[in-house]
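Engineer: Contents of protein03.txt (compact mmCIF, C-alpha atoms):
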```
# COMPACT_ATOMS: atom_id res chain seq x y z
CA MET A 30 62.02 103.38 111.30
CA THR A 31 64.81 100.83 111.61
CA ASP A 32 66.36 100.10 115.00
CA LEU A 33 69.84 99.96 113.44
CA ILE A 34 71.49 103.38 113.40
CA LEU A 35 75.10 103.81 112.32
CA THR A 36 76.77 106.95 113.65
CA THR A 37 79.77 108.49 111.93
CA PHE A 38 81.31 111.94 111.51
CA ASP A 39 79.54 114.64 109.53
CA TRP A 40 82.79 115.44 107.70
CA VAL A 41 86.44 114.35 107.54
CA PRO A 42 89.43 115.70 105.55
CA ASP A 43 90.07 114.30 102.09
CA MET A 44 92.92 111.97 103.08
CA PRO A 45 90.96 109.48 105.23
CA ARG A 46 87.81 109.46 103.10
CA GLY A 47 87.04 105.96 101.96
CA TYR A 48 88.96 104.55 104.95
CA VAL A 49 86.95 105.79 107.96
CA ARG A 50 85.92 102.71 109.90
CA ASP A 51 82.19 103.21 109.56
CA LEU A 52 82.87 101.66 106.12
CA ARG A 53 83.37 98.27 107.77
CA VAL A 54 79.95 98.51 109.37
CA ARG A 55 78.25 99.80 106.23
CA TRP A 56 79.80 96.89 104.31
CA ALA A 57 78.54 94.32 106.80
CA LEU A 58 75.05 95.78 106.87
CA GLU A 59 74.92 95.75 103.07
CA GLU A 60 76.18 92.15 102.94
CA ALA A 61 73.49 91.04 105.38
CA GLY A 62 70.75 93.11 103.75
CA MET A 63 69.90 94.73 107.08
CA PRO A 64 68.08 98.06 106.80
CA TYR A 65 69.81 100.88 108.65
CA SER A 66 70.03 104.63 108.84
CA VAL A 67 73.08 106.86 109.22
CA LYS A 68 73.42 109.60 111.81
CA SER A 69 76.20 112.21 111.99
CA VAL A 70 78.11 113.79 114.83
CA PRO A 71 80.41 116.82 114.45
CA PHE A 72 84.01 116.08 113.50
CA ARG A 73 85.38 119.30 114.95
CA GLU A 74 83.36 119.60 118.16
CA ARG A 75 82.92 116.35 120.07
CA GLY A 76 80.58 116.80 122.98
CA ALA A 77 79.50 114.82 126.03
CA GLU A 78 76.84 112.91 124.09
CA HIS A 79 79.50 111.68 121.66
CA PHE A 80 81.79 110.53 124.47
CA SER A 81 78.91 108.76 126.19
CA HIS A 82 78.70 106.43 123.17
CA GLN A 83 82.39 106.32 122.17
CA PRO A 84 84.72 107.06 125.09
CA PHE A 85 87.64 107.99 122.82
CA GLY A 86 85.67 110.46 120.70
CA GLN A 87 85.96 108.27 117.62
CA VAL A 88 83.50 106.67 115.21
CA PRO A 89 81.65 104.54 114.42
CA TRP A 90 79.13 103.29 116.88
CA LEU A 91 75.98 101.30 116.18
CA THR A 92 72.67 101.69 117.97
CA ASP A 93 70.61 98.50 117.90
CA GLY A 94 67.41 99.16 119.81
CA ASP A 95 68.54 99.99 123.33
CA LEU A 96 72.11 98.81 122.71
CA SER A 97 74.91 101.20 121.78
CA ILE A 98 78.04 99.41 120.55
CA PHE A 99 81.40 101.02 119.77
CA GLU A 100 84.60 99.68 118.13
CA SER A 101 84.30 98.34 114.59
CA GLY A 102 85.37 94.82 115.56
CA ALA A 103 82.78 94.59 118.31
CA ILE A 104 80.09 95.90 115.96
CA LEU A 105 81.01 93.35 113.30
CA LEU A 106 80.88 90.55 115.85
CA HIS A 107 77.46 91.75 116.99
CA LEU A 108 76.16 91.83 113.42
CA GLY A 109 77.71 88.44 112.71
CA GLU A 110 75.71 86.97 115.55
CA ARG A 111 72.56 88.38 113.95
CA SER A 112 73.11 87.12 110.43
CA ASP A 113 74.26 83.84 108.89
CA ALA A 114 75.38 85.90 105.88
CA LEU A 115 78.13 87.34 108.08
CA MET A 116 79.02 84.42 110.34
CA PRO A 117 78.00 80.76 110.05
CA ALA A 118 76.02 79.12 112.83
CA GLU A 119 78.07 75.90 112.86
CA PRO A 120 80.30 76.09 115.96
CA ARG A 121 83.65 75.19 114.38
CA SER A 122 83.19 77.59 111.47
CA ARG A 123 81.92 80.31 113.81
CA SER A 124 85.01 79.89 116.00
CA GLU A 125 87.26 80.21 112.95
CA VAL A 126 85.55 83.45 111.91
CA ILE A 127 86.02 84.89 115.39
CA GLU A 128 89.70 83.86 115.41
CA TRP A 129 90.36 85.66 112.14
CA LEU A 130 88.32 88.68 113.18
CA PHE A 131 90.61 89.16 116.17
CA ALA A 132 93.70 88.29 114.12
CA ALA A 133 92.88 91.13 111.74
CA LEU A 134 92.73 93.56 114.66
CA ASN A 135 95.46 92.24 116.94
CA SER A 136 98.01 90.65 114.62
CA VAL A 137 97.73 92.52 111.31
CA GLU A 138 96.26 95.96 112.00
CA MET A 139 98.58 96.53 114.93
CA ALA A 140 101.44 96.26 112.41
CA SER A 141 99.79 97.98 109.46
CA LEU A 142 98.28 101.04 111.12
CA PRO A 143 101.47 102.58 112.57
CA TRP A 144 103.17 101.97 109.21
CA ALA A 145 100.28 103.64 107.37
CA LEU A 146 100.27 106.65 109.69
CA PHE A 147 103.81 107.48 108.61
CA LYS A 148 102.70 107.12 104.99
CA PHE A 149 99.73 109.43 105.56
CA ALA A 150 102.07 112.00 107.09
CA GLY A 151 104.55 111.77 104.21
CA ASP A 152 107.31 110.89 106.69
CA ILE A 153 109.92 108.87 104.80
CA ALA A 154 112.85 109.43 107.17
CA GLU A 155 114.99 106.33 107.70
CA THR A 156 115.13 105.74 111.43
CA PRO A 157 115.58 102.61 113.57
CA GLY A 158 111.92 102.88 114.59
CA ARG A 159 110.75 103.05 110.98
CA LYS A 160 112.92 100.04 110.07
CA HIS A 161 111.33 98.13 112.92
CA LEU A 162 107.83 99.02 111.73
CA ASP A 163 108.67 98.02 108.16
CA GLY A 164 110.00 94.68 109.35
CA PHE A 165 107.03 94.09 111.63
CA LEU A 166 104.55 94.64 108.79
CA LYS A 167 106.62 92.57 106.38
CA ALA A 168 106.55 89.62 108.78
CA ARG A 169 102.78 89.84 109.16
CA LEU A 170 102.27 90.07 105.39
CA GLN A 171 104.49 87.06 104.81
CA HIS A 172 102.28 85.01 107.12
CA MET A 173 99.09 86.30 105.48
CA GLU A 174 100.47 85.57 102.03
CA LYS A 175 100.85 81.90 102.95
CA VAL A 176 97.34 81.76 104.42
CA LEU A 177 95.64 83.48 101.49
CA ALA A 178 97.53 81.55 98.84
CA GLY A 179 95.46 78.51 99.75
CA ARG A 180 91.97 79.86 100.23
CA GLU A 181 89.41 82.24 98.77
CA TRP A 182 88.10 83.49 102.12
CA LEU A 183 89.51 83.15 105.60
CA ALA A 184 86.91 80.81 107.10
CA GLY A 185 85.42 79.00 104.11
CA THR A 186 82.63 81.38 103.18
CA PHE A 187 82.78 85.18 103.15
CA SER A 188 82.28 86.57 106.65
CA VAL A 189 82.88 89.52 108.95
CA ALA A 190 86.45 88.27 109.28
CA ASP A 191 86.98 89.01 105.60
CA ILE A 192 85.40 92.44 105.90
CA LEU A 193 87.84 93.35 108.63
CA MET A 194 90.94 91.70 107.18
CA ALA A 195 90.32 93.04 103.68
CA ASP A 196 89.83 96.55 105.05
CA VAL A 197 93.05 96.32 107.05
CA LEU A 198 95.00 95.11 104.00
CA ARG A 199 93.29 97.66 101.76
CA LEU A 200 94.99 100.48 103.68
CA VAL A 201 98.37 98.82 103.14
CA ASP A 202 97.56 98.46 99.46
CA ARG A 203 96.76 102.17 99.25
CA PHE A 204 100.48 102.85 99.73
CA ASP A 205 101.62 99.96 97.50
CA GLY A 206 102.52 97.89 100.54
CA LEU A 207 101.14 94.70 99.01
CA ALA A 208 103.61 94.75 96.12
CA GLY A 209 105.32 91.39 96.29
CA TYR A 210 102.35 89.79 98.04
CA PRO A 211 100.11 88.69 95.15
CA ALA A 212 97.79 86.49 97.21
CA CYS A 213 97.10 89.37 99.59
CA GLY A 214 96.52 91.72 96.67
CA ASP A 215 94.17 89.29 94.94
CA TYR A 216 92.26 88.81 98.19
CA VAL A 217 91.72 92.56 98.57
CA ALA A 218 90.63 92.80 94.94
CA ARG A 219 88.10 89.96 95.39
CA ALA A 220 86.67 91.47 98.52
CA THR A 221 86.39 95.03 97.22
CA ALA A 222 84.75 93.85 93.99
CA ARG A 223 81.75 92.68 95.99
CA PRO A 224 78.67 94.87 95.34
CA SER A 225 78.22 95.43 99.07
CA PHE A 226 81.68 97.00 99.36
CA VAL A 227 81.19 99.10 96.24
CA LYS A 228 77.93 100.51 97.64
CA ALA A 229 79.32 101.04 101.14
CA HIS A 230 82.36 102.86 99.82
CA ALA A 231 80.29 105.07 97.49
CA ASP A 232 77.87 105.88 100.30
CA GLN A 233 80.68 106.90 102.65
CA MET A 234 82.31 109.11 100.01
CA ALA A 235 78.97 110.74 99.21
CA HIS A 236 78.22 111.28 102.90
CA PHE A 237 81.42 113.26 103.50
CA ALA A 238 81.26 115.08 100.16
CA ALA A 239 77.80 116.35 101.02
CA ALA A 240 79.27 118.31 103.92
CA ASP A 241 81.90 120.14 101.83
```
Would it be possible to restate this file's structure as structure tokens?

Structural biologist:
Amino acid sequence: MTDLILTTFDWVPDMPRGYVRDLRVRWALEEAGMPYSVKSVPFRERGAEHFSHQPFGQVPWLTDGDLSIFESGAILLHLGERSDALMPAEPRSRSEVIEWLFAALNSVEMASLPWALFKFAGDIAETPGRKHLDGFLKARLQHMEKVLAGREWLAGTFSVADILMADVLRLVDRFDGLAGYPACGDYVARATARPSFVKAHADQMAHFAAAD
């Protein structure tokens, strides 16, 4: 039995399927060719055991031997340190991957996620707060457009930084938020055409469908 165990929910509603963050970990594990198994915890009833691994009652977490790691970014960093397929060993390149990994979380997702939550809710009311969120995301996308117009992947070769950034931008693209940002759109298309993403996405969808 493999030491790598990915834990996710046993079921989620239709809307977030294909976007639950265990997808990021599945994708990385598939890219690296690391064998792993998937374990489920209840979506509706989150008990003490769940909170002992993920203090906010979320998913995913990864068990690697006697380590239990939560937060998708931390898990990707951990896997990157285990595989050159996910993060290069050369110090300068490794540093660049880590920079972009954190940029995806702290500079782009912090703008994209609040915007997407309104989209998920179908809330289209024009308010000062909504205008601020729209402007915040637009500014971040403008910066990313310039970055991605000049490169295939963020840090030279495909890495965990691309898994995270592409997944963040993919949610924006779901609601047509990348219209007018062709480099960002092309980047998401390149990343999600990779066989590892295709398999990870199909596996997540099948996992939740099996519980219906």

Engineer: Rounded to one decimal in Å, what is the spacing between atom CA of Asp202 of chain A and atom CA of Ala150 of chain A?

Structural biologist: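 Between these atoms lies a distance of 16.2 Å.
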
Engineer: To one decimal in Å, tell me the separation between atom CA of Pro224 of chain A and atom CA of Gly179 of chain A.

Structural biologist: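 Value for the atom CA of Pro224 of chain A-atom CA of Gly179 of chain A distance: 23.9 Å.
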
Engineer: Check which residues of segment 70-141 of chain A sit at most 10 Å from segment 34-38 of chain A using all atoms listed in the file, and return one row each with the closest pair of atoms and their distance in Å to one decimal, ordered by chain and rising number, as a Markdown table.

Structural biologist:
```
| residue | atom | partner | partner_atom | distance |
| --- | --- | --- | --- | --- |
| A:Val70 | CA | A:Phe38 | CA | 5.0 |
| A:Pro71 | CA | A:Phe38 | CA | 5.8 |
| A:Phe72 | CA | A:Phe38 | CA | 5.3 |
| A:Arg73 | CA | A:Phe38 | CA | 9.1 |
| A:Arg75 | CA | A:Phe38 | CA | 9.8 |
| A:His79 | CA | A:Thr36 | CA | 9.7 |
| A:His82 | CA | A:Thr36 | CA | 9.7 |
| A:Gln87 | CA | A:Thr37 | CA | 8.4 |
| A:Val88 | CA | A:Thr37 | CA | 5.3 |
| A:Pro89 | CA | A:Thr37 | CA | 5.0 |
| A:Trp90 | CA | A:Thr36 | CA | 5.4 |
| A:Leu91 | CA | A:Leu35 | CA | 4.7 |
| A:Thr92 | CA | A:Ile34 | CA | 5.0 |
| A:Asp93 | CA | A:Ile34 | CA | 6.7 |
| A:Gly94 | CA | A:Ile34 | CA | 8.7 |
| A:Ser97 | CA | A:Ile34 | CA | 9.3 |
| A:Ile98 | CA | A:Leu35 | CA | 9.8 |
| A:Phe99 | CA | A:Thr36 | CA | 9.7 |
```

Engineer: For segment 191-221 of chain A versus segment 39-59 of chain A, which residues have an atom no more than 10 Å away, and what is each residue's nearest atom pair and distance in Å rounded to one decimal, using all atoms listed in the file, chain-then-number order, as CSV?

Structural biologist:
```
residue,atom,partner,partner_atom,distance
A:Ile192,CA,A:Arg53,CA,6.5
A:Leu193,CA,A:Arg53,CA,6.7
A:Ala195,CA,A:Arg53,CA,9.6
A:Asp196,CA,A:Arg53,CA,7.2
A:Val197,CA,A:Tyr48,CA,9.4
A:Arg199,CA,A:Tyr48,CA,8.7
A:Leu200,CA,A:Tyr48,CA,7.4
A:Arg203,CA,A:Tyr48,CA,9.9
A:Thr221,CA,A:Trp56,CA,9.9
```

Engineer: Pick out the closest residue to Leu170 of chain A from this set: A:Gly62, A:Pro157, A:Pro211, A:Gly86. Count all atoms listed in the file.

Structural biologist: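 Of the candidates, the smallest distance to Leu170 of chain A is held by A:Pro211.
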
Engineer: Under the rule that all atoms listed in the file are counted, which of A:Asp163, A:Asp32, A:Glu119, A:Asp191 is the nearest residue to Leu96 of chain A?

Structural biologist: A:Asp32

Engineer: Rounded to one decimal place, report the atom CA of Ser188 of chain A-atom CA of Leu108 of chain A distance in Å.

Structural biologist: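 Computed distance, atom CA of Ser188 of chain A to atom CA of Leu108 of chain A, equals 10.5 Å.
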
Engineer: Give me the residues near Met173 of chain A as a PyMOL selection string, where near means some atom within 10 Å (using all atoms listed in the file) and where sequence neighbours in that chain fewer than 5 positions away do not count.

Structural biologist: chain A and resi 137+167-168+178+194+198+210+212-213

Engineer: Of the candidates A:Gly102, A:Ala218, A:Leu162, A:Glu78, which shows the shortest atom-to-atom distance to Ala145 of chain A, using all atoms listed in the file?

Structural biologist: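 Among the listed residues, the smallest separation from Ala145 of chain A belongs to A:Leu162.
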
Engineer: Around the point (80.2, 90.1, 120.0) (coordinates from the file), which residues reach within 12 Å if we count only C-alpha atoms? Answer as a ChimeraX atom specification.

Structural biologist: /A:98-111,116,123-124,126-127,130-131,189

Engineer: Looking at all atoms listed in the file, which of A:Leu177, A:Leu166, A:Val201, A:Ala132 is the one that sits closest to Arg219 of chain A?

Structural biologist: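 The closest residue to Arg219 of chain A is A:Leu177.
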
Engineer: Taking all atoms listed in the file into account, name the residue in A:Phe165, A:Gln233, A:Pro120, A:Gly185 that is nearest to Lys68 of chain A.

Structural biologist: A:Gln233

Engineer: Choose the residue, out of A:Ala61, A:Glu125, A:Gly158, A:Asp241, that has the smallest atom-to-atom separation from Pro143 of chain A; count all atoms listed in the file.

Structural biologist: A:Gly158
